[in-house]
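J.: For reference, this is model_29.cif, and it has mmCIF, C-alpha atoms.
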```cif
data_protein
#
loop_
_atom_site.label_atom_id
_atom_site.label_comp_id
_atom_site.auth_asym_id
_atom_site.auth_seq_id
_atom_site.Cartn_x
_atom_site.Cartn_y
_atom_site.Cartn_z
CA MET A 200 0.00 0.00 0.00
CA VAL A 201 1.30 3.42 -0.89
CA ILE A 202 0.00 6.24 1.31
CA GLN A 203 0.86 9.73 0.15
CA GLU A 204 1.00 12.43 2.81
CA SER A 205 0.34 16.16 2.52
CA MET A 206 -1.81 16.07 -0.62
CA THR A 207 -3.73 19.08 -1.81
CA VAL A 208 -7.51 18.85 -2.04
CA MET A 209 -7.36 18.82 -5.84
CA GLU A 210 -4.84 15.95 -5.82
CA LYS A 211 -7.17 14.00 -3.55
CA LEU A 212 -10.07 14.83 -5.84
CA GLY A 213 -8.21 13.44 -8.86
CA ILE A 214 -7.52 10.14 -7.10
CA LEU A 215 -10.88 9.65 -5.41
CA ALA A 216 -13.04 10.78 -8.34
CA ASP A 217 -11.20 8.31 -10.58
CA ALA A 218 -11.64 5.54 -7.99
CA ALA A 219 -15.41 6.16 -7.93
CA LYS A 220 -15.90 5.36 -11.63
CA TYR A 221 -16.57 1.67 -10.93
CA ASP A 222 -19.70 2.49 -8.94
CA VAL A 223 -22.47 2.81 -11.53
CA ALA A 224 -25.40 3.58 -9.23
CA CYS A 225 -26.01 7.10 -10.54
CA THR A 226 -29.57 7.71 -11.59
CA SER A 227 -32.44 10.14 -11.56
CA SER A 228 -33.06 11.46 -8.07
CA GLY A 229 -36.58 10.09 -7.74
CA THR A 230 -37.61 12.85 -5.37
CA ALA A 231 -38.96 16.37 -5.83
CA ARG A 232 -38.11 18.78 -3.04
CA LYS A 233 -38.17 22.55 -3.51
CA GLY A 234 -35.89 24.81 -1.53
CA ASP A 235 -37.67 26.47 1.38
CA GLY A 236 -35.85 29.78 1.00
CA THR A 237 -33.56 29.28 3.98
CA GLY A 238 -30.83 27.49 2.03
CA ILE A 239 -29.55 26.85 -1.47
CA GLY A 240 -30.43 24.17 -4.00
CA ASN A 241 -33.32 21.80 -4.51
CA SER A 242 -33.88 18.25 -5.70
CA ILE A 243 -35.71 17.70 -8.98
CA SER A 244 -37.33 14.34 -9.69
CA ALA A 245 -36.42 14.61 -13.38
CA GLY A 246 -33.00 13.41 -12.41
CA ILE A 247 -29.53 14.00 -11.06
CA CYS A 248 -27.16 11.89 -13.11
CA HIS A 249 -24.41 11.84 -15.70
CA SER A 250 -26.91 11.99 -18.54
CA PHE A 251 -29.54 14.11 -20.25
CA ALA A 252 -32.98 14.79 -18.85
CA GLY A 253 -36.15 14.40 -20.86
CA ASP A 254 -36.20 18.15 -21.54
CA GLY A 255 -32.65 18.03 -22.96
CA ARG A 256 -30.78 19.37 -19.94
CA CYS A 257 -27.37 17.90 -19.18
CA ILE A 258 -27.40 17.11 -15.49
CA SER A 259 -24.57 15.92 -13.30
CA LEU A 260 -23.35 15.40 -9.76
CA LEU A 261 -20.07 15.16 -7.95
CA LYS A 262 -19.35 11.43 -7.83
CA VAL A 263 -16.48 10.68 -5.52
CA LEU A 264 -15.14 8.37 -2.81
CA TYR A 265 -14.59 9.75 0.65
CA THR A 266 -11.54 7.49 0.91
CA ASN A 267 -9.99 4.70 -1.12
CA GLU A 268 -8.37 3.18 1.93
CA CYS A 269 -10.07 -0.10 2.78
CA VAL A 270 -9.63 -2.87 5.33
CA PHE A 271 -11.35 -5.38 3.03
CA ASP A 272 -9.50 -7.38 0.39
CA CYS A 273 -12.20 -7.98 -2.22
CA LYS A 274 -10.43 -9.62 -5.17
CA TYR A 275 -12.32 -7.67 -7.86
CA CYS A 276 -11.80 -4.21 -6.32
CA VAL A 277 -9.07 -1.82 -7.39
CA ASN A 278 -8.98 -0.46 -3.85
CA ARG A 279 -8.56 -3.82 -2.13
CA ALA A 280 -6.30 -3.77 0.93
CA SER A 281 -3.49 -5.62 -0.86
CA SER A 282 -3.42 -3.32 -3.92
CA ASP A 283 -0.36 -1.11 -4.34
CA VAL A 284 -2.17 2.11 -5.17
CA VAL A 285 -1.90 5.67 -3.96
CA ARG A 286 -4.29 6.16 -1.06
CA ALA A 287 -6.11 9.35 -0.19
CA SER A 288 -8.84 10.49 2.16
CA PHE A 289 -10.90 13.62 2.43
CA THR A 290 -11.93 15.21 5.69
CA PRO A 291 -15.63 16.04 6.21
CA GLU A 292 -14.81 19.72 5.87
CA GLU A 293 -12.96 19.19 2.57
CA ILE A 294 -15.65 17.13 0.82
CA SER A 295 -18.46 19.42 1.96
CA ARG A 296 -16.57 22.55 0.88
CA LEU A 297 -15.77 20.97 -2.51
CA THR A 298 -19.42 20.12 -3.05
CA ILE A 299 -20.75 23.54 -2.19
CA GLU A 300 -18.11 25.37 -4.24
CA PHE A 301 -18.79 23.19 -7.27
CA TYR A 302 -22.53 23.79 -6.82
CA ARG A 303 -22.10 27.56 -6.60
CA ARG A 304 -20.14 27.48 -9.87
CA ASN A 305 -22.97 25.50 -11.49
CA TYR A 306 -20.68 22.50 -12.12
CA ILE A 307 -22.96 20.03 -10.34
CA GLU A 308 -26.49 19.61 -9.05
CA GLY A 309 -25.87 17.12 -6.27
CA LEU A 310 -23.48 14.73 -4.55
CA PHE A 311 -22.91 10.99 -4.86
CA LEU A 312 -20.69 9.98 -1.93
CA SER A 313 -19.31 6.49 -1.50
CA SER A 314 -16.29 5.21 0.39
CA GLY A 315 -13.91 2.42 1.18
CA VAL A 316 -13.97 1.10 4.74
CA LYS A 317 -11.34 3.01 6.68
CA GLY A 318 -10.66 1.59 10.12
CA SER A 319 -14.12 0.17 10.79
CA PRO A 320 -17.61 0.40 9.26
CA ASP A 321 -18.84 2.58 12.14
CA ALA A 322 -15.88 4.96 11.95
CA THR A 323 -16.31 5.36 8.18
CA MET A 324 -20.07 5.85 8.44
CA GLU A 325 -19.60 8.51 11.12
CA GLU A 326 -17.29 10.50 8.82
CA LEU A 327 -19.73 10.23 5.92
CA ILE A 328 -22.55 11.45 8.14
CA ARG A 329 -20.42 14.32 9.40
CA SER A 330 -19.71 15.36 5.79
CA VAL A 331 -23.40 15.44 4.90
CA GLU A 332 -24.30 17.19 8.17
CA ILE A 333 -21.93 20.03 7.34
CA LEU A 334 -23.56 20.38 3.91
CA ARG A 335 -27.10 20.35 5.28
CA LYS A 336 -26.66 22.39 8.46
CA GLN A 337 -23.65 24.64 7.96
CA TYR A 338 -24.01 25.36 4.24
CA HIS A 339 -27.82 24.84 4.20
CA PHE A 340 -27.54 22.72 1.06
CA GLN A 341 -30.95 21.38 0.06
CA GLY A 342 -29.92 19.64 -3.16
CA TYR A 343 -29.75 15.96 -3.97
CA ILE A 344 -27.43 13.69 -1.96
CA HIS A 345 -26.92 9.98 -2.63
CA LEU A 346 -25.04 8.35 0.23
CA LYS A 347 -23.59 4.85 0.43
CA ALA A 348 -24.49 2.88 3.53
CA ILE A 349 -21.47 0.97 4.84
CA PRO A 350 -22.31 -2.72 5.51
CA GLY A 351 -21.62 -3.54 9.13
CA ALA A 352 -22.34 -0.03 10.42
CA SER A 353 -24.64 0.23 13.43
CA PRO A 354 -28.40 0.67 12.90
CA GLU A 355 -28.28 4.02 14.72
CA LEU A 356 -25.82 5.42 12.19
CA ILE A 357 -27.82 4.08 9.23
CA GLN A 358 -30.95 5.76 10.59
CA LYS A 359 -29.15 9.04 11.17
CA ALA A 360 -27.79 8.99 7.62
CA GLY A 361 -31.26 8.27 6.23
CA TYR A 362 -32.61 11.59 7.51
CA LEU A 363 -29.78 13.50 5.80
CA ALA A 364 -29.61 11.78 2.38
CA ASP A 365 -32.17 11.67 -0.41
CA ARG A 366 -31.17 8.20 -1.52
CA MET A 367 -29.06 5.49 0.09
CA SER A 368 -27.59 2.35 -1.40
CA VAL A 369 -25.94 -0.80 -0.15
CA ASN A 370 -24.00 -2.68 -2.80
CA LEU A 371 -24.88 -6.37 -2.97
CA GLU A 372 -21.64 -6.76 -4.98
CA LEU A 373 -22.23 -10.34 -6.20
CA PRO A 374 -25.56 -12.10 -6.84
CA THR A 375 -24.85 -15.26 -4.85
CA ALA A 376 -23.48 -15.99 -1.39
CA GLU A 377 -21.05 -18.47 -2.97
CA GLY A 378 -19.58 -15.80 -5.22
CA LEU A 379 -19.27 -13.38 -2.31
CA LYS A 380 -17.50 -16.01 -0.19
CA LYS A 381 -15.06 -16.72 -3.02
CA LEU A 382 -14.20 -13.17 -4.09
CA ALA A 383 -15.00 -11.08 -1.00
CA PRO A 384 -14.47 -13.43 1.95
CA HIS A 385 -14.50 -10.59 4.51
CA LYS A 386 -18.07 -9.65 3.56
CA SER A 387 -21.29 -11.57 4.13
CA ARG A 388 -24.81 -11.41 2.76
CA THR A 389 -26.10 -10.85 6.30
CA THR A 390 -24.17 -7.62 6.85
CA ILE A 391 -25.23 -6.38 3.40
CA LEU A 392 -28.93 -7.24 3.67
CA ARG A 393 -29.37 -6.01 7.26
CA PRO A 394 -29.14 -2.28 6.42
CA MET A 395 -31.27 -2.81 3.31
CA LYS A 396 -33.99 -4.30 5.47
CA GLN A 397 -33.64 -1.51 8.03
CA ILE A 398 -34.00 1.18 5.35
CA ARG A 399 -37.09 -0.54 3.92
CA ASN A 400 -38.78 -0.85 7.34
CA ARG A 401 -37.95 2.70 8.37
CA ARG A 402 -39.28 4.11 5.08
CA GLU A 403 -42.58 2.29 5.62
CA GLU A 404 -42.85 3.74 9.13
CA ASN A 405 -41.92 7.17 7.81
CA ARG A 406 -44.74 7.07 5.25
CA GLN A 407 -47.23 6.62 8.07
CA GLU A 408 -45.64 9.47 10.03
CA LEU A 409 -45.86 11.78 7.02
CA ALA A 410 -49.54 10.89 6.59
CA LEU A 411 -50.21 11.98 10.18
CA TYR A 412 -47.73 14.85 10.48
CA ARG A 413 -47.18 16.87 7.32
CA HIS A 414 -43.93 18.41 8.56
CA ALA A 415 -42.34 15.20 9.83
CA PRO A 416 -38.77 14.72 8.54
CA GLU A 417 -38.46 12.44 5.53
CA PHE A 418 -36.37 9.29 5.67
CA VAL A 419 -34.56 8.45 2.40
CA PRO A 420 -37.32 10.04 0.26
CA ALA A 421 -35.82 8.79 -3.02
CA GLY A 422 -35.57 5.20 -1.78
CA GLN A 423 -32.65 2.82 -1.93
CA SER A 424 -30.73 1.02 -4.67
CA THR A 425 -27.97 -1.56 -5.02
CA GLN A 426 -25.38 -2.78 -7.50
CA MET A 427 -24.30 -6.21 -8.73
CA ILE A 428 -21.12 -7.06 -10.63
CA VAL A 429 -21.77 -9.03 -13.80
CA GLY A 430 -19.33 -11.68 -14.97
CA ALA A 431 -16.98 -11.91 -11.98
CA ALA A 432 -18.13 -15.15 -10.33
CA GLY A 433 -19.73 -17.16 -13.14
CA GLU A 434 -23.39 -16.60 -12.25
CA SER A 435 -25.94 -17.10 -15.01
CA ASP A 436 -28.29 -14.36 -16.15
CA TYR A 437 -31.15 -16.37 -14.66
CA GLN A 438 -29.54 -16.19 -11.21
CA ILE A 439 -28.87 -12.46 -11.56
CA VAL A 440 -32.37 -11.58 -12.77
CA SER A 441 -33.97 -13.80 -10.10
CA VAL A 442 -31.97 -12.07 -7.36
CA ALA A 443 -32.96 -8.65 -8.74
CA GLU A 444 -36.63 -9.65 -8.79
CA ALA A 445 -36.40 -10.80 -5.16
CA LEU A 446 -34.72 -7.54 -4.13
CA TYR A 447 -37.46 -5.46 -5.75
CA ARG A 448 -40.14 -7.54 -4.06
CA GLN A 449 -38.61 -7.93 -0.59
CA PHE A 450 -36.76 -4.64 -0.10
CA SER A 451 -38.79 -2.23 -2.26
CA LEU A 452 -35.67 -1.12 -4.13
CA LYS A 453 -35.91 1.71 -6.63
CA ARG A 454 -33.16 0.34 -8.85
CA VAL A 455 -30.78 -2.57 -9.20
CA PHE A 456 -27.68 -1.57 -11.15
CA TYR A 457 -25.52 -3.98 -13.12
CA SER A 458 -21.81 -3.35 -13.54
CA ALA A 459 -19.86 -5.34 -16.12
CA PHE A 460 -16.79 -6.86 -14.48
CA VAL A 461 -13.63 -4.92 -15.27
CA SER A 462 -10.37 -6.78 -14.74
CA VAL A 463 -8.27 -4.41 -12.62
CA ASN A 464 -6.45 -7.04 -10.51
CA GLU A 465 -4.64 -10.26 -11.29
CA ASP A 466 -6.00 -13.17 -9.29
CA LYS A 467 -6.48 -16.86 -10.01
CA ASP A 468 -10.10 -16.66 -8.85
CA LEU A 469 -11.00 -13.88 -11.29
CA PRO A 470 -12.15 -14.68 -14.84
CA VAL A 471 -10.00 -13.87 -17.86
CA LEU A 472 -11.94 -11.72 -20.32
CA PRO A 473 -9.96 -11.41 -23.56
CA GLN A 474 -12.85 -9.54 -25.18
CA GLY A 475 -13.00 -6.98 -22.37
CA PRO A 476 -15.89 -6.25 -19.96
CA PRO A 477 -19.20 -7.97 -20.89
CA LEU A 478 -20.91 -4.70 -21.78
CA LEU A 479 -23.50 -6.24 -24.11
CA ARG A 480 -24.49 -8.69 -21.39
CA GLU A 481 -24.84 -5.78 -18.98
CA HIS A 482 -27.06 -4.02 -21.52
CA ARG A 483 -29.32 -7.08 -21.88
CA LEU A 484 -29.64 -7.33 -18.10
CA TYR A 485 -30.78 -3.71 -17.92
CA GLN A 486 -33.38 -4.47 -20.60
CA ALA A 487 -34.59 -7.52 -18.66
CA ASP A 488 -34.68 -5.43 -15.48
CA TRP A 489 -36.87 -2.88 -17.26
CA LEU A 490 -39.29 -5.67 -18.21
CA LEU A 491 -39.49 -6.77 -14.57
CA ARG A 492 -40.15 -3.27 -13.29
CA PHE A 493 -42.53 -1.81 -15.86
CA TYR A 494 -43.84 -4.50 -18.20
CA GLY A 495 -45.18 -7.12 -15.82
CA PHE A 496 -42.71 -9.86 -16.70
CA ARG A 497 -41.35 -12.35 -14.19
CA ALA A 498 -37.83 -13.76 -14.10
CA GLU A 499 -39.03 -17.30 -14.87
CA GLU A 500 -40.78 -16.07 -17.99
CA LEU A 501 -37.60 -14.60 -19.45
CA LEU A 502 -35.15 -17.29 -18.38
CA SER A 503 -35.02 -20.75 -16.85
CA GLU A 504 -32.57 -23.43 -15.71
CA LYS A 505 -32.64 -24.88 -19.24
CA HIS A 506 -32.28 -21.43 -20.82
CA PRO A 507 -30.13 -19.60 -18.23
CA ASN A 508 -28.64 -16.74 -20.28
CA LEU A 509 -30.12 -13.87 -22.25
CA ASN A 510 -29.84 -13.83 -26.03
CA LEU A 511 -27.07 -11.40 -26.96
CA PHE A 512 -28.47 -10.88 -30.47
CA LEU A 513 -32.09 -10.17 -29.54
CA ASP A 514 -33.49 -8.00 -26.78
CA PRO A 515 -35.25 -9.99 -24.01
CA LYS A 516 -38.75 -8.91 -24.97
CA CYS A 517 -38.31 -9.87 -28.60
CA ASP A 518 -36.67 -13.15 -27.59
CA TRP A 519 -39.64 -13.94 -25.33
CA ALA A 520 -42.15 -13.14 -28.07
CA ILE A 521 -40.39 -15.37 -30.60
CA SER A 522 -40.41 -18.20 -28.06
CA HIS A 523 -44.15 -17.71 -27.44
CA LEU A 524 -45.60 -17.33 -30.91
CA GLU A 525 -48.79 -19.01 -29.66
CA CYS A 526 -49.63 -15.65 -28.02
CA PHE A 527 -49.58 -13.79 -31.34
CA PRO A 528 -50.73 -12.04 -33.47
CA VAL A 529 -52.28 -9.45 -31.17
CA GLU A 530 -55.17 -7.39 -32.50
CA ILE A 531 -54.28 -3.78 -31.74
CA ASN A 532 -57.88 -2.58 -31.56
CA ARG A 533 -58.99 -5.15 -28.99
CA ALA A 534 -56.00 -6.23 -26.90
CA ASP A 535 -55.81 -5.10 -23.26
CA TYR A 536 -52.99 -2.93 -21.91
CA ARG A 537 -50.93 -5.78 -20.40
CA THR A 538 -51.06 -7.71 -23.66
CA LEU A 539 -49.97 -4.67 -25.66
CA LEU A 540 -46.95 -4.26 -23.37
CA ARG A 541 -45.76 -7.72 -24.39
CA VAL A 542 -45.57 -6.86 -28.07
CA PRO A 543 -42.02 -6.05 -29.28
CA GLY A 544 -41.87 -2.47 -30.48
CA ILE A 545 -44.63 -1.26 -28.15
CA GLY A 546 -43.52 0.52 -25.00
CA GLU A 547 -45.38 1.93 -22.02
CA LYS A 548 -46.02 5.29 -23.61
CA SER A 549 -47.17 3.92 -26.96
CA ALA A 550 -49.40 1.33 -25.23
CA ARG A 551 -51.13 4.11 -23.28
CA ARG A 552 -51.53 6.14 -26.45
CA ILE A 553 -53.10 3.15 -28.23
CA MET A 554 -55.56 2.63 -25.36
CA GLY A 555 -56.53 6.30 -25.47
CA ALA A 556 -56.71 6.73 -29.26
CA ARG A 557 -58.84 3.71 -30.00
CA ARG A 558 -61.66 5.09 -27.87
CA TYR A 559 -62.38 7.52 -30.68
CA HIS A 560 -61.60 5.58 -33.85
CA THR A 561 -60.26 2.31 -35.16
CA LEU A 562 -56.48 2.34 -35.50
CA ASP A 563 -54.50 1.32 -38.54
CA PHE A 564 -50.75 0.96 -39.15
CA SER A 565 -50.31 4.61 -40.13
CA ASP A 566 -51.82 5.59 -36.77
CA LEU A 567 -49.42 3.26 -34.95
CA LYS A 568 -46.46 4.89 -36.66
CA LYS A 569 -47.63 8.33 -35.51
CA ILE A 570 -48.16 7.00 -31.99
CA GLY A 571 -44.54 5.85 -31.82
CA VAL A 572 -44.77 2.08 -32.26
CA VAL A 573 -41.55 0.59 -33.70
CA LEU A 574 -43.14 -1.21 -36.63
CA LYS A 575 -39.86 -2.84 -37.71
CA ARG A 576 -40.29 -5.20 -34.75
CA ALA A 577 -44.00 -5.03 -34.04
CA VAL A 578 -45.14 -5.89 -37.59
CA TYR A 579 -44.53 -9.61 -37.05
CA PHE A 580 -46.73 -9.77 -33.95
CA ILE A 581 -49.76 -7.55 -34.57
CA THR A 582 -52.81 -7.07 -36.75
CA CYS A 583 -55.01 -4.02 -37.30
CA ASN A 584 -58.64 -4.83 -38.06
CA GLY A 585 -57.61 -8.45 -38.62
CA ARG A 586 -55.04 -7.53 -41.28
CA GLN A 587 -51.27 -7.51 -41.33
CA MET A 588 -49.29 -4.54 -42.57
CA TYR A 589 -47.92 -6.82 -45.27
CA PRO A 590 -47.76 -10.63 -45.56
CA VAL A 591 -45.33 -12.06 -43.01
CA LYS A 592 -44.91 -15.57 -41.66
CA LEU A 593 -45.50 -16.29 -38.01
CA ASP A 594 -42.45 -18.49 -38.02
CA GLU A 595 -39.48 -18.36 -35.63
CA ASP A 596 -36.74 -18.72 -38.24
CA TYR A 597 -38.32 -16.19 -40.56
CA ILE A 598 -38.83 -13.56 -37.82
CA VAL A 599 -35.36 -13.99 -36.29
CA ARG A 600 -33.62 -13.78 -39.64
CA ASN A 601 -35.48 -10.63 -40.66
CA ILE A 602 -34.99 -8.88 -37.32
CA LEU A 603 -31.26 -9.65 -37.30
CA GLU A 604 -30.72 -8.58 -40.90
CA THR A 605 -32.91 -5.48 -41.03
CA GLY A 606 -33.53 -4.56 -37.43
CA THR A 607 -30.01 -4.64 -36.01
CA GLY A 608 -27.87 -4.33 -39.10
CA LYS A 609 -26.45 -7.82 -38.62
CA ASN A 610 -26.84 -10.82 -40.80
CA SER A 611 -27.06 -14.43 -39.74
CA ALA A 612 -23.50 -15.16 -40.87
CA ASP A 613 -22.11 -12.53 -38.49
CA THR A 614 -23.81 -14.09 -35.48
CA GLY A 615 -22.56 -17.60 -36.07
CA ILE A 616 -26.14 -18.89 -35.81
CA THR A 617 -27.66 -20.79 -38.68
CA TYR A 618 -31.32 -20.63 -39.62
CA ARG A 619 -33.38 -22.72 -41.97
CA GLN A 620 -33.20 -21.42 -45.54
CA LEU A 621 -36.64 -20.50 -46.84
CA SER A 622 -37.53 -22.19 -50.08
CA LEU A 623 -39.21 -20.52 -53.02
CA PHE A 624 -41.67 -23.37 -52.83
CA ASP A 625 -42.71 -22.62 -49.23
CA ALA A 626 -46.36 -21.97 -48.66
CA ASP A 627 -47.56 -18.48 -49.40
CA LEU A 628 -46.34 -15.99 -46.80
CA ALA A 629 -49.91 -15.08 -45.90
CA VAL A 630 -50.68 -17.59 -43.15
CA PRO A 631 -54.28 -18.85 -43.09
CA GLY A 632 -56.19 -17.98 -39.96
CA MET A 633 -54.18 -14.85 -39.23
CA GLU A 634 -57.24 -12.66 -39.54
CA GLY A 635 -58.51 -13.59 -36.11
CA VAL A 636 -57.34 -12.40 -32.73
CA SER A 637 -55.06 -14.66 -30.72
CA VAL A 638 -54.39 -13.14 -27.33
CA CYS A 639 -52.23 -15.12 -24.93
CA GLY A 640 -53.73 -15.66 -21.51
CA ILE A 641 -51.18 -13.66 -19.53
#
```
Before anything else, please render the file you have as structure tokens.
T.:
Amino acid sequence: MVIQESMTVMEKLGILADAAKYDVACTSSGTARKGDGTGIGNSISAGICHSFAGDGRCISLLKVLYTNECVFDCKYCVNRASSDVVRASFTPEEISRLTIEFYRRNYIEGLFLSSGVKGSPDATMEELIRSVEILRKQYHFQGYIHLKAIPGASPELIQKAGYLADRMSVNLELPTAEGLKKLAPHKSRTTILRPMKQIRNRREENRQELALYRHAPEFVPAGQSTQMIVGAAGESDYQIVSVAEALYRQFSLKRVFYSAFVSVNEDKDLPVLPQGPPLLREHRLYQADWLLRFYGFRAEELLSEKHPNLNLFLDPKCDWAISHLECFPVEINRADYRTLLRVPGIGEKSARRIMGARRYHTLDFSDLKKIGVVLKRAVYFITCNGRQMYPVKLDEDYIVRNILETGTGKNSADTGITYRQLSLFDADLAVPGMEGVSVCGI
């Protein structure tokens, strides 16, 4: 370990901001709180993140570690105790002053503060709380703050932090207890899940308090989130998605974030990834997560023990639809909202628009295009007034080949997957019986 003394604040910032890049849990704030006139800043539900808001604004926050010193020796972490890296630590006064000065210069809109475990979980949590207290009470900062809860910290400290932060998160790190035992032997699922459960229970109690007392202090108003590393311990997508589904159900999480494993340390227990981080796999997991949260899918519908990994060439919704052709075609003018959500190319917004527009007139394909339906994918799975947009076969090989070649810009040769060659003597592309409505019993 290399510990550098007498650093300037900017030198610390360079080290600790760079060390924070592996934590991907930056998202929209999820809470709307106006300034009350006694301080500066506010929190806007449209989002505090390294991205663009729906109205086109570029929004950002100071994302930094309090310290990269750590007593744990997690094999996948660049800041593990045995790593020979330059170590740095802020003081509560330094990190709070940095935040407020950046905010006053309009560089940021909020703070995302995480940390290694310096000394002990309680000692680290106390310093994080002190940093946020200075911001809230001394500088009267009323903007968005996302604070990491340190696993192993006392319940009293977690509760105190919850009244200061807008959002808190406890990183699950790895989806399974076996993976955690192998790669992070100093951590346990118990110490990670305990604060998650405490935050959930306290938020439920706080909702009742707010219903009775309008001016009661809010506890973690933007909820909690977590992060899982993808590809470090050999878990299947089915295991990862199942764990995420359980976390949403049991702990009322706002988001589960997936971080593609980046090889920053050499260790015999870590996988070798010659192609680099599994970014496409991470992308597919985010798509599957979206289906769980907003589209009514369950983990066992998307994956199973026999089919444990997501298709890298097709998005999960399209892959599900192709595997369940008995549910299609869906008649746009008669299908219910949940059925519309299961059609590839139809999202939440377009499904709501369809439900609203068809109250006044019968929809056709030109209407769907105006509504925002992605017809390149939806055309294989829908009818309007019992008719298809043009003759297509409700056949798995035919649909997959066309989606890969025209929808994603890839052809079947590039993917290494072979599909049955259609013959010129195949039956006419117009499939008999397609005029009727076939709605899957979902």
J.: What gap, in Å, lies between atom CA of A:Glu417 and atom CA of A:Arg402?
T.: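 These atoms are spaced 8.4 Å apart.
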J.: Between atom CA of A:Leu479 and atom CA of A:Ser458, measure the distance and give it in Å to one decimal.
T.: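 Answer for the atom CA of A:Leu479 to atom CA of A:Ser458 separation: 11.1 Å.
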J.: I'd like the contact shell of stretch 431-439 of chain A - 7 Å cut-off, only C-alpha atoms, skipping same-chain residues fewer than 6 positions apart - returned as a list in words.
T.: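 The neighbour list is Pro374, Gly378, Phe460, Leu469, Pro470, Leu502, Ser503, Pro507, Asn508 and Leu509 of chain A.
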J.: For a cut-off of 12 Å around (-43.7, -1.8, -36.8), file coordinates, pick out all residues using all atoms listed in the file and list them as JSON, numbers by chain.
T.: {"A": [531, 542, 543, 544, 545, 549, 563, 564, 565, 566, 567, 568, 569, 570, 571, 572, 573, 574, 575, 576, 577, 578, 579, 580, 581, 582, 583, 587, 588, 589, 602, 606]}
J.: Set the distance at 7 Å and use only C-alpha atoms: which residues neighbour stretch 344-357 of chain A once local chain neighbours fewer than 2 positions away are removed? I'd like the list as a ChimeraX atom specification.
T.: /A:309-313,320-321,324,342,359-361,364-369,390-391,394
J.: Evaluated on this file, the PyMOL selection byres ((chain A and resi 211) around 12) picks out some residues - which ones are they, written as a ChimeraX atom specification?
T.: /A:202-210,212-218,263-267,285-290,293-294,297
J.: Would you mind reading off the distance between atom CA of A:Arg454 and atom CA of A:Gln426, one decimal, in Å?
T.: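 Separating atom CA of A:Arg454 from atom CA of A:Gln426 is a distance of 8.5 Å.
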J.: Taking (-45.8, -9.4, -23.4) in the coordinates of the supplied file, I want to know which residues reach to within 8 Å of it, counting all atoms listed in the file; could you give the answer as a PyMOL selection string?
T.: chain A and resi 494-496+516+519-520+537-543+641
J.: I need the residue set behind the PyMOL selection byres ((chain A and resi 372) around 7) for this file; please write it as a list of chain:residue names.
T.: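 Applying the expression gives A:Asn370, A:Leu371, A:Leu373, A:Pro374, A:Gln426, A:Met427, A:Ile428.
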J.: Residues of the last selection are to be written out with C-alpha atoms, as a PDB file, in the frame of the given file.
T.:
```
ATOM      1  CA  ASN A 370     -24.000  -2.680  -2.800  1.00  0.00           C
ATOM      2  CA  LEU A 371     -24.880  -6.370  -2.970  1.00  0.00           C
ATOM      3  CA  LEU A 373     -22.230 -10.340  -6.200  1.00  0.00           C
ATOM      4  CA  PRO A 374     -25.560 -12.100  -6.840  1.00  0.00           C
ATOM      5  CA  GLN A 426     -25.380  -2.780  -7.500  1.00  0.00           C
ATOM      6  CA  MET A 427     -24.300  -6.210  -8.730  1.00  0.00           C
ATOM      7  CA  ILE A 428     -21.120  -7.060 -10.630  1.00  0.00           C
TER       8      ILE A 428
END
```
J.: Evaluate the PyMOL selection byres ((chain A and resi 599) around 10) and record the selected residues as a PyMOL selection string, following the chain and residue labels used in the document.
T.: chain A and resi 512-513+517-518+521+594-598+600-604+606+611+618
J.: Only C-alpha atoms, please: the residues just picked out, written as a PDB file, keeping the file's coordinate frame.
T.:
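Dumped everything to out.pdb:
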```pdb
ATOM      1  CA  PHE A 512     -28.470 -10.880 -30.470  1.00  0.00           C
ATOM      2  CA  LEU A 513     -32.090 -10.170 -29.540  1.00  0.00           C
ATOM      3  CA  CYS A 517     -38.310  -9.870 -28.600  1.00  0.00           C
ATOM      4  CA  ASP A 518     -36.670 -13.150 -27.590  1.00  0.00           C
ATOM      5  CA  ILE A 521     -40.390 -15.370 -30.600  1.00  0.00           C
ATOM      6  CA  ASP A 594     -42.450 -18.490 -38.020  1.00  0.00           C
ATOM      7  CA  GLU A 595     -39.480 -18.360 -35.630  1.00  0.00           C
ATOM      8  CA  ASP A 596     -36.740 -18.720 -38.240  1.00  0.00           C
ATOM      9  CA  TYR A 597     -38.320 -16.190 -40.560  1.00  0.00           C
ATOM     10  CA  ILE A 598     -38.830 -13.560 -37.820  1.00  0.00           C
ATOM     11  CA  ARG A 600     -33.620 -13.780 -39.640  1.00  0.00           C
ATOM     12  CA  ASN A 601     -35.480 -10.630 -40.660  1.00  0.00           C
ATOM     13  CA  ILE A 602     -34.990  -8.880 -37.320  1.00  0.00           C
ATOM     14  CA  LEU A 603     -31.260  -9.650 -37.300  1.00  0.00           C
ATOM     15  CA  GLU A 604     -30.720  -8.580 -40.900  1.00  0.00           C
ATOM     16  CA  GLY A 606     -33.530  -4.560 -37.430  1.00  0.00           C
ATOM     17  CA  SER A 611     -27.060 -14.430 -39.740  1.00  0.00           C
ATOM     18  CA  TYR A 618     -31.320 -20.630 -39.620  1.00  0.00           C
TER      19      TYR A 618
END
```
J.: Name the residues in contact with A:Glu481 at a cut-off of 7 Å, using only C-alpha atoms, excluding same-chain residues fewer than 4 positions from it; report them as an mmCIF file with C-alpha atoms, in the frame of the given file.
T.:
```
data_model
loop_
_atom_site.group_PDB
_atom_site.id
_atom_site.type_symbol
_atom_site.label_atom_id
_atom_site.label_comp_id
_atom_site.auth_asym_id
_atom_site.auth_seq_id
_atom_site.Cartn_x
_atom_site.Cartn_y
_atom_site.Cartn_z
ATOM 1 C CA VAL A 429 -21.770 -9.030 -13.800
ATOM 2 C CA TYR A 457 -25.520 -3.980 -13.120
ATOM 3 C CA SER A 458 -21.810 -3.350 -13.540
ATOM 4 C CA ALA A 459 -19.860 -5.340 -16.120
ATOM 5 C CA PRO A 477 -19.200 -7.970 -20.890
ATOM 6 C CA TYR A 485 -30.780 -3.710 -17.920
#
```
